[in-house]
Amino acid sequence: MAAGEEHETQRVRRPSSEQSARKTSVGRAGSRTSETKRTARRVSAPRAMRYATEQLQELLGRAPESVSAVKPTEDGWQADVEVLELERVPMTTSVMATYRVTLDKEGELVAYERTRRYTRGQIDRRS
């Protein structure tokens, strides 16, 4: 590893080939070159879903169970991720939570918030 690279954060979601390409595009001061910024493009919806669950799991320490919504935004992606917060018996009384995750165009988590808590057996009633 070259001097200055040991402080670079390794991300769980990047395949090793992307990491190598990214390291070569980082300048000595740690900023990306203008070429990298120009070639950055939005990740696909399936990848955005995977990245949202992986990064949220890393932050919460709990494995997400599903992604209930994903949609593109101007700046990247927004996903709703369902997480088991408290396991109970019977399983239908376990406490679940919905987290809204905001990703940038490259799939990096920018923000998240818990939007809802409910029991697993609960059904939404819509008017």
# chains A, B, ... in the order shown; residues from 1 in each chain; ligands from 1
call {"tool": "residues_around", "arguments": {"residues": "Thr93 in chain A", "least_positions_apart": "3", "cutoff": "12 Å", "atoms": "only C-alpha atoms", "output": "count of residues only"}}
result
14
call {"tool": "residues_around", "arguments": {"residues": "range 61-72 of chain A", "least_positions_apart": "2", "cutoff": "12 Å", "atoms": "only C-alpha atoms", "output": "JSON, numbers by chain"}}
result
{"A": [42, 43, 44, 45, 46, 47, 48, 49, 50, 51, 52, 53, 54, 55, 56, 57, 58, 59, 74, 75, 76, 77, 78, 79, 80, 81, 82, 83, 84, 85, 86, 87, 96, 97, 98, 99, 100, 101, 102, 103, 104, 105, 106, 107, 120]}
call {"tool": "atom_distance", "arguments": {"atom1": "CA of Glu113 in chain A", "atom2": "CA of Arg126 in chain A"}}
result
22.8 Å
